[in-house]
Each structure stands twice: as structure tokens, then as C-alpha cells.
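Content type mmCIF, C-alpha atoms and all ligand atoms, from the file model38.cif:
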data_protein
#
loop_
_atom_site.label_atom_id
_atom_site.label_comp_id
_atom_site.auth_asym_id
_atom_site.auth_seq_id
_atom_site.Cartn_x
_atom_site.Cartn_y
_atom_site.Cartn_z
CA MET A 24 -14.54 14.62 -4.52
CA ASN A 25 -11.99 14.31 -7.27
CA ALA A 26 -13.13 17.50 -8.99
CA PRO A 27 -11.46 18.07 -12.36
CA LEU A 28 -7.90 19.26 -12.00
CA PRO A 29 -7.31 22.94 -12.76
CA ARG A 30 -5.95 23.63 -16.25
CA SER A 31 -2.67 24.75 -14.79
CA VAL A 32 -2.13 21.24 -13.47
CA LEU A 33 -3.66 19.17 -16.25
CA ARG A 34 -1.62 20.46 -19.17
CA ASP A 35 -1.73 19.22 -22.71
CA SER A 36 0.90 16.57 -23.12
CA ASP A 37 2.66 18.50 -25.88
CA THR A 38 5.71 19.34 -23.81
CA ASP A 39 9.06 17.65 -24.26
CA GLU A 40 8.99 16.58 -20.61
CA PRO A 41 9.31 12.85 -20.03
CA GLN A 42 5.96 11.10 -19.83
CA LEU A 43 6.70 10.35 -16.15
CA PHE A 44 5.92 13.99 -15.45
CA GLN A 45 2.84 14.24 -17.63
CA PRO A 46 -0.78 13.83 -16.53
CA ALA A 47 -2.45 10.46 -16.58
CA ARG A 48 -5.71 8.82 -15.66
CA ILE A 49 -5.67 5.79 -13.39
CA GLY A 50 -9.16 4.35 -13.08
CA ASP A 51 -11.40 7.25 -12.03
CA LEU A 52 -8.45 9.36 -10.89
CA GLU A 53 -6.87 12.15 -12.90
CA LEU A 54 -3.26 12.55 -11.89
CA ALA A 55 -1.02 15.55 -12.51
CA ASN A 56 1.95 13.24 -13.13
CA ARG A 57 2.94 9.58 -12.91
CA VAL A 58 5.14 9.78 -9.85
CA VAL A 59 3.51 7.92 -6.97
CA MET A 60 4.34 8.17 -3.29
CA ALA A 61 4.50 4.58 -2.04
CA PRO A 62 2.78 3.57 1.20
CA LEU A 63 5.17 4.20 4.09
CA THR A 64 4.65 3.16 7.69
CA ARG A 65 5.88 6.05 9.87
CA SER A 66 4.31 5.20 13.27
CA ARG A 67 3.26 8.74 14.11
CA ALA A 68 -0.48 8.40 14.76
CA ASP A 69 -1.93 9.25 18.18
CA GLU A 70 -1.89 5.81 19.73
CA VAL A 71 -3.20 6.85 23.14
CA ALA A 72 -6.25 8.52 21.58
CA GLY A 73 -7.02 5.39 19.51
CA ASP A 74 -4.58 5.17 16.58
CA ILE A 75 -5.81 8.47 15.20
CA PRO A 76 -4.03 10.26 12.34
CA GLY A 77 -4.28 13.90 11.40
CA SER A 78 -2.06 15.79 13.82
CA ALA A 79 -0.65 19.04 12.42
CA MET A 80 2.59 17.14 11.86
CA ASN A 81 0.86 14.35 9.93
CA VAL A 82 -0.95 16.89 7.74
CA GLU A 83 2.27 18.79 7.07
CA TYR A 84 4.09 15.55 6.09
CA TYR A 85 1.53 14.67 3.43
CA ARG A 86 1.12 18.29 2.30
CA GLN A 87 4.87 18.55 1.67
CA ARG A 88 4.71 15.47 -0.57
CA SER A 89 1.65 16.52 -2.60
CA ASN A 90 3.82 17.01 -5.69
CA ALA A 91 3.28 13.30 -6.37
CA GLY A 92 0.56 12.63 -8.92
CA LEU A 93 -0.81 10.08 -6.47
CA ILE A 94 -0.10 9.51 -2.79
CA ILE A 95 -0.76 6.09 -1.31
CA SER A 96 -1.22 6.54 2.43
CA GLU A 97 0.74 4.62 5.00
CA GLY A 98 -0.87 1.30 5.82
CA THR A 99 -4.00 1.90 7.86
CA GLN A 100 -5.49 -1.02 9.78
CA VAL A 101 -9.12 -1.94 9.11
CA ALA A 102 -9.61 -3.34 12.63
CA PRO A 103 -7.77 -3.42 15.98
CA ALA A 104 -6.60 -7.00 15.33
CA GLY A 105 -5.08 -5.86 12.03
CA LYS A 106 -2.48 -3.65 13.71
CA GLY A 107 1.09 -4.92 13.84
CA TYR A 108 3.28 -1.94 14.71
CA MET A 109 3.26 0.89 17.21
CA ALA A 110 1.28 4.05 16.40
CA THR A 111 0.00 3.05 12.98
CA PRO A 112 -3.27 4.81 12.11
CA GLY A 113 -6.59 3.04 11.74
CA ILE A 114 -9.58 3.52 9.46
CA TYR A 115 -12.33 1.76 11.43
CA SER A 116 -13.46 4.37 13.99
CA ASP A 117 -15.29 7.66 13.45
CA ALA A 118 -12.48 9.49 15.22
CA GLN A 119 -9.96 8.01 12.77
CA VAL A 120 -12.13 9.11 9.83
CA GLU A 121 -12.26 12.64 11.27
CA GLY A 122 -8.49 12.50 11.76
CA TRP A 123 -7.85 11.67 8.12
CA LYS A 124 -10.00 14.54 6.80
CA PRO A 125 -7.43 17.34 7.16
CA VAL A 126 -4.83 15.09 5.51
CA THR A 127 -6.92 14.40 2.41
CA GLN A 128 -8.02 18.04 2.27
CA ALA A 129 -4.44 19.32 2.34
CA VAL A 130 -3.41 16.91 -0.42
CA HIS A 131 -6.34 17.93 -2.61
CA GLU A 132 -5.67 21.62 -2.06
CA ALA A 133 -2.16 21.01 -3.38
CA GLY A 134 -3.54 19.40 -6.57
CA SER A 135 -2.70 15.79 -5.75
CA ARG A 136 -4.73 12.64 -5.18
CA ILE A 137 -4.56 10.28 -2.23
CA VAL A 138 -5.80 6.74 -1.72
CA ALA A 139 -5.83 4.95 1.64
CA GLN A 140 -3.85 1.77 1.95
CA ILE A 141 -6.18 -0.58 3.82
CA TRP A 142 -4.32 -3.19 5.80
CA HIS A 143 -4.63 -6.22 8.06
CA VAL A 144 -1.38 -7.71 9.35
CA GLY A 145 -2.80 -11.14 10.19
CA ARG A 146 -0.20 -13.14 12.11
CA ILE A 147 2.49 -10.41 12.08
CA THR A 148 1.56 -8.95 15.45
CA HIS A 149 1.37 -9.48 19.17
CA PRO A 150 -1.50 -8.98 21.67
CA SER A 151 0.30 -5.98 23.18
CA LEU A 152 -0.27 -4.14 19.86
CA THR A 153 -3.88 -5.17 19.33
CA GLY A 154 -5.43 -4.35 22.68
CA GLY A 155 -5.02 -7.95 23.76
CA LEU A 156 -6.52 -9.59 20.69
CA HIS A 157 -4.75 -12.74 19.56
CA PRO A 158 -3.17 -12.67 16.08
CA VAL A 159 -5.20 -14.33 13.33
CA ALA A 160 -4.15 -16.08 10.12
CA PRO A 161 -5.35 -18.64 7.60
CA SER A 162 -3.63 -21.40 9.57
CA ALA A 163 -2.21 -21.80 13.07
CA LEU A 164 1.38 -21.48 11.88
CA ALA A 165 3.80 -18.98 13.36
CA PRO A 166 6.02 -17.15 10.86
CA GLN A 167 9.66 -18.15 11.12
CA GLU A 168 12.03 -15.60 12.64
CA VAL A 169 9.52 -12.76 12.95
CA VAL A 170 9.42 -10.48 15.97
CA ALA A 171 6.92 -7.78 16.85
CA TYR A 172 8.17 -4.36 17.97
CA THR A 173 6.16 -3.42 21.03
CA HIS A 174 6.40 -0.87 23.83
CA GLU A 175 8.08 -3.63 25.84
CA GLY A 176 10.69 -4.18 23.13
CA LYS A 177 11.09 -6.97 20.62
CA VAL A 178 8.89 -10.00 21.27
CA GLU A 179 8.33 -13.21 19.38
CA VAL A 180 4.97 -13.35 17.63
CA PRO A 181 2.69 -16.11 18.93
CA VAL A 182 1.17 -18.97 16.98
CA PRO A 183 -1.90 -17.34 15.39
CA HIS A 184 -5.52 -18.39 15.66
CA ALA A 185 -6.76 -19.93 12.41
CA LEU A 186 -9.76 -17.93 11.22
CA SER A 187 -13.07 -19.78 10.90
CA VAL A 188 -15.09 -19.28 7.73
CA GLN A 189 -17.43 -17.01 9.70
CA GLU A 190 -14.45 -14.98 10.96
CA ILE A 191 -13.07 -14.67 7.42
CA ALA A 192 -16.37 -13.11 6.37
CA GLU A 193 -16.04 -10.64 9.24
CA VAL A 194 -12.56 -9.60 8.08
CA VAL A 195 -13.84 -9.12 4.51
CA GLU A 196 -16.52 -6.89 6.01
CA GLN A 197 -13.82 -4.94 7.89
CA PHE A 198 -12.05 -4.24 4.60
CA ARG A 199 -15.35 -3.15 3.04
CA ARG A 200 -16.01 -0.80 5.94
CA GLY A 201 -12.43 0.49 5.72
CA ALA A 202 -13.05 1.44 2.09
CA ALA A 203 -16.35 3.12 2.94
CA ASN A 204 -14.62 5.01 5.75
CA ALA A 205 -11.81 6.03 3.40
CA MET A 206 -14.34 7.68 1.09
CA ARG A 207 -16.01 9.41 4.07
CA ALA A 208 -12.57 10.69 5.07
CA GLY A 209 -12.08 12.30 1.66
CA PHE A 210 -9.74 9.78 0.07
CA ASP A 211 -9.96 9.29 -3.69
CA GLY A 212 -9.99 5.51 -3.34
CA VAL A 213 -8.07 2.70 -1.69
CA GLU A 214 -5.13 0.43 -2.22
CA ILE A 215 -5.67 -3.01 -0.70
CA HIS A 216 -2.45 -4.18 0.98
CA GLY A 217 -1.91 -7.61 -0.52
CA ALA A 218 1.88 -7.61 -0.11
CA ASN A 219 4.77 -8.23 2.26
CA GLY A 220 3.51 -11.23 4.18
CA TYR A 221 0.44 -9.70 5.83
CA LEU A 222 -3.00 -11.29 6.02
CA ILE A 223 -3.95 -11.32 2.33
CA ASP A 224 -0.48 -12.54 1.36
CA GLN A 225 -0.71 -15.21 4.08
CA PHE A 226 -3.81 -16.62 2.41
CA LEU A 227 -2.13 -16.61 -1.02
CA ARG A 228 0.93 -18.65 -0.02
CA ASP A 229 1.15 -22.36 0.55
CA GLY A 230 3.88 -21.70 3.14
CA ALA A 231 1.36 -19.93 5.39
CA ASN A 232 -1.99 -21.30 4.23
CA GLN A 233 -2.54 -24.98 4.92
CA ARG A 234 -6.32 -24.86 5.08
CA THR A 235 -8.33 -27.73 3.67
CA ASP A 236 -11.57 -25.78 3.12
CA ALA A 237 -12.59 -23.37 0.33
CA TYR A 238 -9.85 -20.91 1.37
CA GLY A 239 -6.85 -23.23 1.05
CA GLY A 240 -5.26 -25.88 -1.07
CA SER A 241 -5.73 -25.04 -4.74
CA ILE A 242 -4.56 -21.74 -6.17
CA GLU A 243 -8.18 -20.72 -6.74
CA ASN A 244 -8.92 -21.39 -3.08
CA ARG A 245 -5.84 -19.54 -1.81
CA CYS A 246 -6.84 -16.50 -3.91
CA ARG A 247 -10.44 -16.60 -2.65
CA PHE A 248 -9.92 -14.34 0.37
CA ALA A 249 -8.02 -11.71 -1.65
CA LEU A 250 -10.73 -11.68 -4.31
CA GLU A 251 -13.56 -11.55 -1.76
CA VAL A 252 -11.87 -8.48 -0.27
CA VAL A 253 -11.51 -6.93 -3.73
CA ASP A 254 -15.15 -7.70 -4.59
CA ALA A 255 -16.44 -6.24 -1.32
CA VAL A 256 -14.39 -3.07 -1.72
CA VAL A 257 -15.36 -2.70 -5.40
CA ALA A 258 -19.03 -3.13 -4.50
CA GLU A 259 -18.64 -0.38 -1.90
CA ILE A 260 -16.68 2.31 -3.77
CA GLY A 261 -16.47 1.24 -7.45
CA ALA A 262 -13.69 -0.54 -9.35
CA GLY A 263 -12.26 2.72 -10.69
CA ARG A 264 -11.12 3.71 -7.20
CA VAL A 265 -9.57 0.41 -6.17
CA GLY A 266 -6.02 -0.85 -6.49
CA ILE A 267 -3.99 -3.61 -4.87
CA ARG A 268 -0.33 -3.93 -3.93
CA LEU A 269 1.37 -7.27 -4.48
CA SER A 270 4.89 -8.60 -3.85
CA PRO A 271 5.02 -11.98 -5.62
CA VAL A 272 8.61 -12.88 -4.71
CA THR A 273 9.30 -10.92 -1.52
CA PRO A 274 10.33 -13.31 1.26
CA VAL A 275 9.69 -10.94 4.22
CA ASN A 276 7.66 -11.69 7.31
CA GLY A 277 8.25 -15.42 7.06
CA ILE A 278 6.28 -15.77 3.84
CA ALA A 279 7.12 -18.52 1.37
CA ASP A 280 5.46 -20.05 -1.62
CA SER A 281 6.30 -22.92 -3.93
CA ASP A 282 5.11 -21.25 -7.16
CA PRO A 283 4.53 -17.48 -7.14
CA GLN A 284 4.04 -17.32 -10.93
CA ALA A 285 1.10 -19.71 -10.74
CA VAL A 286 -0.59 -17.99 -7.77
CA PHE A 287 -0.08 -14.42 -8.91
CA GLY A 288 -0.72 -15.35 -12.53
CA TYR A 289 -4.21 -16.54 -11.62
CA LEU A 290 -4.75 -13.57 -9.30
CA VAL A 291 -3.77 -11.01 -11.95
CA GLN A 292 -6.20 -12.57 -14.45
CA GLU A 293 -9.00 -12.42 -11.88
CA LEU A 294 -8.15 -8.82 -10.97
CA ASP A 295 -8.27 -7.93 -14.66
CA LYS A 296 -11.80 -9.37 -14.94
CA ARG A 297 -12.89 -7.09 -12.12
CA GLY A 298 -11.67 -3.96 -13.88
CA ILE A 299 -9.94 -2.43 -10.89
CA ALA A 300 -7.96 0.78 -11.38
CA PHE A 301 -4.44 -0.46 -10.72
CA VAL A 302 -2.09 -3.16 -9.60
CA HIS A 303 1.00 -1.99 -7.76
CA PHE A 304 3.85 -4.44 -8.06
CA ILE A 305 6.85 -4.58 -5.78
CA GLU A 306 9.28 -5.98 -8.35
CA GLY A 307 11.80 -8.22 -6.63
CA SER A 308 12.33 -8.18 -2.88
CA THR A 309 10.73 -5.27 -1.00
CA GLY A 310 13.42 -2.70 -0.30
CA GLY A 311 16.06 -5.08 -1.64
CA SER A 312 17.22 -6.81 -4.79
CA ARG A 313 15.16 -6.44 -7.94
CA ASP A 314 16.80 -9.53 -9.38
CA LEU A 315 14.90 -12.22 -7.50
CA PRO A 316 13.40 -14.65 -10.02
CA GLY A 317 9.94 -16.19 -9.79
CA PHE A 318 7.48 -13.80 -11.39
CA ASP A 319 7.10 -12.27 -14.85
CA TYR A 320 6.10 -8.63 -14.34
CA ALA A 321 6.04 -7.91 -18.09
CA TRP A 322 3.44 -10.67 -18.46
CA ALA A 323 1.37 -9.09 -15.67
CA ARG A 324 1.65 -5.69 -17.30
CA SER A 325 0.35 -6.99 -20.61
CA THR A 326 -2.37 -9.15 -19.04
CA PHE A 327 -3.86 -6.60 -16.64
CA ARG A 328 -5.71 -3.89 -18.56
CA GLY A 329 -5.83 -1.33 -15.74
CA ALA A 330 -2.83 0.73 -14.72
CA TYR A 331 0.45 -0.91 -13.71
CA ILE A 332 2.32 0.91 -10.95
CA ALA A 333 5.93 -0.25 -10.66
CA ASN A 334 7.90 -0.08 -7.43
CA ASN A 335 11.19 -1.04 -5.84
CA GLY A 336 14.55 0.57 -6.34
CA TYR A 337 13.68 2.96 -9.16
CA ASP A 338 15.72 6.10 -9.74
CA ARG A 339 15.16 9.03 -12.09
CA ASP A 340 16.45 7.32 -15.20
CA THR A 341 14.86 3.92 -14.66
CA ALA A 342 11.52 5.53 -13.76
CA ILE A 343 11.53 7.75 -16.84
CA ASP A 344 12.42 4.74 -18.96
CA ALA A 345 9.78 2.46 -17.38
CA VAL A 346 7.00 4.88 -18.29
CA ALA A 347 8.43 5.95 -21.67
CA SER A 348 8.85 2.33 -22.76
CA GLY A 349 5.34 1.40 -21.62
CA ARG A 350 6.55 -1.13 -19.04
CA ALA A 351 4.63 0.83 -16.40
CA ASP A 352 1.98 3.54 -16.25
CA ALA A 353 3.43 5.08 -13.11
CA VAL A 354 6.34 4.53 -10.73
CA ALA A 355 6.12 4.54 -6.93
CA PHE A 356 8.95 5.81 -4.75
CA GLY A 357 9.20 4.88 -1.07
CA ARG A 358 12.39 5.79 0.75
CA ALA A 359 13.11 8.59 -1.74
CA TYR A 360 9.81 10.18 -0.66
CA ILE A 361 10.70 9.90 3.02
CA ALA A 362 13.83 12.00 2.44
CA ASN A 363 12.69 14.27 -0.39
CA PRO A 364 9.45 16.13 0.21
CA ASP A 365 9.85 17.79 -3.20
CA LEU A 366 10.73 14.61 -5.06
CA VAL A 367 8.95 15.49 -8.31
CA GLN A 368 10.71 18.85 -8.55
CA ARG A 369 14.05 17.15 -7.89
CA LEU A 370 13.44 14.43 -10.47
CA LYS A 371 12.37 16.99 -13.05
CA ALA A 372 15.48 19.06 -12.41
CA GLY A 373 17.79 16.06 -12.22
CA ALA A 374 18.82 17.40 -8.80
CA ALA A 375 20.60 15.40 -6.12
CA LEU A 376 18.41 13.58 -3.60
CA ASN A 377 18.64 13.82 0.19
CA THR A 378 19.76 10.70 2.07
CA PRO A 379 17.07 9.00 4.17
CA PHE A 380 17.86 8.32 7.84
CA PRO A 381 16.51 4.89 8.84
CA GLN A 382 16.95 5.68 12.54
CA THR A 383 13.98 8.10 12.34
CA PHE A 384 11.72 6.10 10.00
CA TYR A 385 9.45 4.91 12.84
CA THR A 386 10.21 7.27 15.73
CA PRO A 387 7.66 9.68 17.18
CA GLY A 388 8.00 13.39 16.54
CA PRO A 389 8.89 15.68 13.66
CA ALA A 390 12.59 14.76 13.33
CA GLY A 391 13.13 12.79 10.16
CA TYR A 392 9.49 13.31 9.26
CA ILE A 393 8.77 16.89 8.25
CA ASP A 394 12.27 18.38 8.40
CA TYR A 395 13.94 16.98 5.28
CA PRO A 396 14.85 20.06 3.23
CA ALA A 397 13.31 20.96 -0.11
CA LEU A 398 15.59 22.32 -2.82
C1 LIG A 401 7.99 -1.33 7.36
C2 LIG A 401 7.70 -1.25 8.70
C3 LIG A 401 6.44 -1.54 9.12
C4 LIG A 401 5.46 -1.92 8.23
C5 LIG A 401 5.04 -3.26 4.78
C6 LIG A 401 3.48 -1.96 6.04
O1 LIG A 401 6.07 -3.94 4.80
C7 LIG A 401 4.72 -2.39 5.92
C8 LIG A 401 5.77 -2.01 6.88
C9 LIG A 401 7.04 -1.72 6.45
O2 LIG A 401 4.25 -3.33 3.83
#
Translate this file's structure into C-alpha cells.
Amino acid sequence: MNAPLPRSVLRDSDTDEPQLFQPARIGDLELANRVVMAPLTRSRADEVAGDIPGSAMNVEYYRQRSNAGLIISEGTQVAPAGKGYMATPGIYSDAQVEGWKPVTQAVHEAGSRIVAQIWHVGRITHPSLTGGLHPVAPSALAPQEVVAYTHEGKVEVPVPHALSVQEIAEVVEQFRRGAANAMRAGFDGVEIHGANGYLIDQFLRDGANQRTDAYGGSIENRCRFALEVVDAVVAEIGAGRVGIRLSPVTPVNGIADSDPQAVFGYLVQELDKRGIAFVHFIEGSTGGSRDLPGFDYAWARSTFRGAYIANNGYDRDTAIDAVASGRADAVAFGRAYIANPDLVQRLKAGAALNTPFPQTFYTPGPAGYIDYPAL
């Protein structure tokens, strides 16, 4: 796994190309360039067979995008209860591991690297998506104004079950097993999904976590679950193959917090101590404004000694500048990668980008998935 890149890919950095397009090392991973494909839920796994990825269409989608130095897979649930949307792939069953293998193989054959985004949605789901399992969360608080998209249409999410300490340990174990499975499936590592109001984020925030035990209250206690997940995953696969995605100020999925700088400031310092490969920051509001106040990303960049992957609303010029100026080690593109399978070639050439079609982001089938044209 992660054999040295061929010389043709790992060039000397003596070209006049922007650094964004030059090789880099992130943790244990050697990347051909610093363009990252962000994790993107596409809802095209085989749900009937058991949330299994790896259809010919899934393989082709990732193969087309293997120009990225690093691909972060779509969110992949570590357990049935961690699923919150239709047809998202899992990483807990042997069949799912087998399903991922042709995906990781195709990406490696194209000279790219791929980590699995391991995910638990917590309270952002409904029993009709989890095989009847009730949603779980740090506290029995329903998120405000959140609906689940099910086969029966939009439904309100129920008040979740507050996890017991024993159940928290079981979820940590599910993340650990997800990381082990990711390595068995040929991934180069994992990104822990700590963003966007899902289970880890729910523990971090005082708007969702009102526990009075060791997992709630103080900032240290609210960060405990996230750090136990990180520690378990690091123990399983090594710190050099582990990253985490965070969205300190994103208000989605009913998440709210009184002091993101304090919570994420502590968390970043603890992540730094653990020597993980990267932190992946959604700067501002996921998919929206970058100008939301509340967290100092430059501070995080200078505090965390691993790689800093920047995300949210970057274009060619701002991405080139972020890496050239040292504000980021790499830049992740989400919607641009949905619509532009050859994004790196287009960015290098300064070519126009295709327009993404939101109406096919989460629909089954190849339309809007593998049929966006390359240059
Ligand atoms: C869009 C649709 C479904 C899921 C996230 C995993 O917000 C997601 C997601 C995004 O991180």
C-alpha cells in the first residue's frame, strides 16, 4: 500500500508551476499535487444489497477524479445507526470492504491517494434509514428544523436516545473498526468526520451536548469523545494516516455553540499533540459564506504542526494563493469536483469550469455523476 509514486508523478519541484500543483507529503502519504477532492455524499451505493459501494459506476466516478493529489471518499457510515441519508455506503461489513476495493485500486492505478471519510450522523437520521434503529446523540435533544430524507419523503427527525457511557465506548469501537476496514479495503488512511453537525460535532457543542458526566460540560469533556475516536483510530492505523474534518462555525444540522474558538482551540492543540496527518477545515459556513466570524483559522494553521487542508469556496486564484502564501498545505474542492472530473487539468490550464447541477447531486444513476465532460 502507498508504494512510492513513479518518478513521472513525483517530479522535482523545480518547475515554475504554482506550488498547488507540486507534490507534497501529508503524514505518511505522498501526493502528486495539493489539490484535494473533498468528501461528497452522492447516494449511489447499493442500498438493497447492504449499503455497498463499488459498482462499475462508482469506480468510474472516482477513477475520473484521480487527478487530485488526494481524494477523500464520500462519508461512509461506521455502523447502521450512523447512516442518515439514502444509499450512502458503509464501512462496517465485509461486503462493503470488498465493494471499496475496486475503487481504491482504480485510484491508485491512476497515481492518486484516497482516504475513507468515516462517519456517524448521530441524531441527524430517522429509523427508516437505519433499519429501525433509533437515532443516538450525546443528549436527548432534537435538532431544530432538521428533516431526514427517506424513501417515504421528508420526515422530522425524532428526539434521539442519549448514549450511555457504555454505548459511547461501542461507537468509539465502531470508528476503530471502520479505520481497520478502510485499510483492508485498500484506502491510504481515513478522515474522521468531525464536521457539519453529525455525532462528533454534536458532542463538541454546548447546543447539542448537555451531559453532566465526563463527556459533557467543560470543553475538555465535550472534546473527550472526538479525542477518544482519534486515539482509537490512531492506535489502529497510525497517526500518519489519520486526519479530521472540522467546521467550527458552520450552523447546519441544528448545531450551535456559545464559543467555537474555545472548543476548537482546545481540540486543535490536542490533535497537534497526537501528531495526526492533517486537519481539514471548512472555513466559514459549509457551502456558504466564508465570512462568518468565530474561529481563527490562521491560529489553527500555526498551532497544528501537521498538514492544514483548507476548504470552502476556493477558486483557482485563491487556492494557488493559499498554498503559495503558506496559509494552507492543500486545498479541497467539493462542488467543483462534482462537475469537473478533470479539475486539476482545468486549474492548471486556467480553463473554464463546468457548472454543477444540484438536482442530480443525490439521485441514483449515472446522470450528473459520471457524465460531466472533461476538457
Ligand atoms: C450533503 C448531503 C448529505 C450529507 C455533510 C456528509 O454535510 C454530509 C452531507 C452533505 O458533511
Wanna dump the chain A-ligand LIG 401 (chain A) contacts at 6 Å for me, each residue with its shortest atom pair and the distance in Å to one decimal, counting all atoms listed in the file, ordered by chain and number, as a tab-separated table?
residue	atom	partner	partner_atom	distance
A:Thr64	CA	A:LIG401	C4	5.2
A:Gly98	CA	A:LIG401	C6	5.4
A:Asn219	CA	A:LIG401	O1	5.2
* **Exercise: His216 (chain A) partners within 6 Å, all atoms listed in the file, chain neighbours under 6 positions left out, as a list in words** => Ile141, Trp142 and Arg268 of chain A
Please write the residues from the selection above to a file, keeping C-alpha atoms, as a CSV table (one decimal), keeping the file's coordinate frame.
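File written: part_34.csv
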chain,number,residue,atom,x,y,z
A,141,ILE,CA,-6.2,-0.6,3.8
A,142,TRP,CA,-4.3,-3.2,5.8
A,268,ARG,CA,-0.3,-3.9,-3.9
* Asked: For Asn56 (chain A), which residue out of A:Gly92, A:Pro381, A:Gly134, A:Gly154 is the nearest one, using all atoms listed in the file?
  ->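 Checking each candidate against Asn56 (chain A), we get A:Gly92 as the closest.
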* Asked: region 366-374 of chain A: which residues within 7 Å, counting all atoms listed in the file, same-chain residues fewer than 3 positions away excluded, as a PyMOL selection string?
  -> chain A and resi 90-91+339+360+363
* To do: Could you tell me which of A:Val272, A:Leu186, A:Ala133, A:Ala163 comes closest to Gly220 (chain A) if we count all atoms listed in the file?
  =>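 The answer is A:Val272, which sits nearest to Gly220 (chain A).
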* **Residue nearest Arg86 (chain A) - candidates A:Ala300, A:Val252, A:Ala129, A:Ile223, atoms counted: only C-alpha atoms** =>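 Selected residue with least distance to Arg86 (chain A): A:Ala129.
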Which neighbours of Asp211 (chain A) fall inside 9 Å, counting only C-alpha atoms, when residues of the same chain fewer than 2 positions from it are skipped, and could you give them as a compact mmCIF listing (two decimals) with C-alpha atoms, in the coordinates of the input?
# COMPACT_ATOMS: atom_id res chain seq x y z
CA MET A 24 -14.54 14.62 -4.52
CA ASN A 25 -11.99 14.31 -7.27
CA ASP A 51 -11.40 7.25 -12.03
CA LEU A 52 -8.45 9.36 -10.89
CA THR A 127 -6.92 14.40 2.41
CA ARG A 136 -4.73 12.64 -5.18
CA ILE A 137 -4.56 10.28 -2.23
CA VAL A 138 -5.80 6.74 -1.72
CA ALA A 139 -5.83 4.95 1.64
CA ALA A 205 -11.81 6.03 3.40
CA MET A 206 -14.34 7.68 1.09
CA GLY A 209 -12.08 12.30 1.66
CA VAL A 213 -8.07 2.70 -1.69
CA ARG A 264 -11.12 3.71 -7.20
* To do: Would you mind listing what lies within 9 Å of region 247-250 of chain A as a list in words, with all atoms listed in the file counted and same-chain residues fewer than 6 positions away left out?
  =>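 Here the answer would be Ile191, Ala192, Val195, Gly217, Ile223, Asp224, Phe226, Leu227, Ala237, Tyr238, Gly239, Leu290, Glu293 and Leu294 of chain A.
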* Structure fact -> Taken to one decimal, the CA of Val257 (chain A)-CA of Tyr108 (chain A) distance is 27.4 Å
* May I have the residues within 8 Å of Arg228 (chain A) as a list in words, using all atoms listed in the file and disregarding those fewer than 3 positions away in the same chain? => Asp224, Gln225, Ala231, Asn232, Arg245, Ile278, Ala279, Asp280, Ser281 and Val286 of chain A
Since we have the selection now, will you write its residues out, keeping C-alpha atoms, as a PDB file, in the frame of the given file?
ATOM      1  CA  ASP A 224      -0.480 -12.540   1.360  1.00  0.00           C
ATOM      2  CA  GLN A 225      -0.710 -15.210   4.080  1.00  0.00           C
ATOM      3  CA  ALA A 231       1.360 -19.930   5.390  1.00  0.00           C
ATOM      4  CA  ASN A 232      -1.990 -21.300   4.230  1.00  0.00           C
ATOM      5  CA  ARG A 245      -5.840 -19.540  -1.810  1.00  0.00           C
ATOM      6  CA  ILE A 278       6.280 -15.770   3.840  1.00  0.00           C
ATOM      7  CA  ALA A 279       7.120 -18.520   1.370  1.00  0.00           C
ATOM      8  CA  ASP A 280       5.460 -20.050  -1.620  1.00  0.00           C
ATOM      9  CA  SER A 281       6.300 -22.920  -3.930  1.00  0.00           C
ATOM     10  CA  VAL A 286      -0.590 -17.990  -7.770  1.00  0.00           C
TER      11      VAL A 286
END
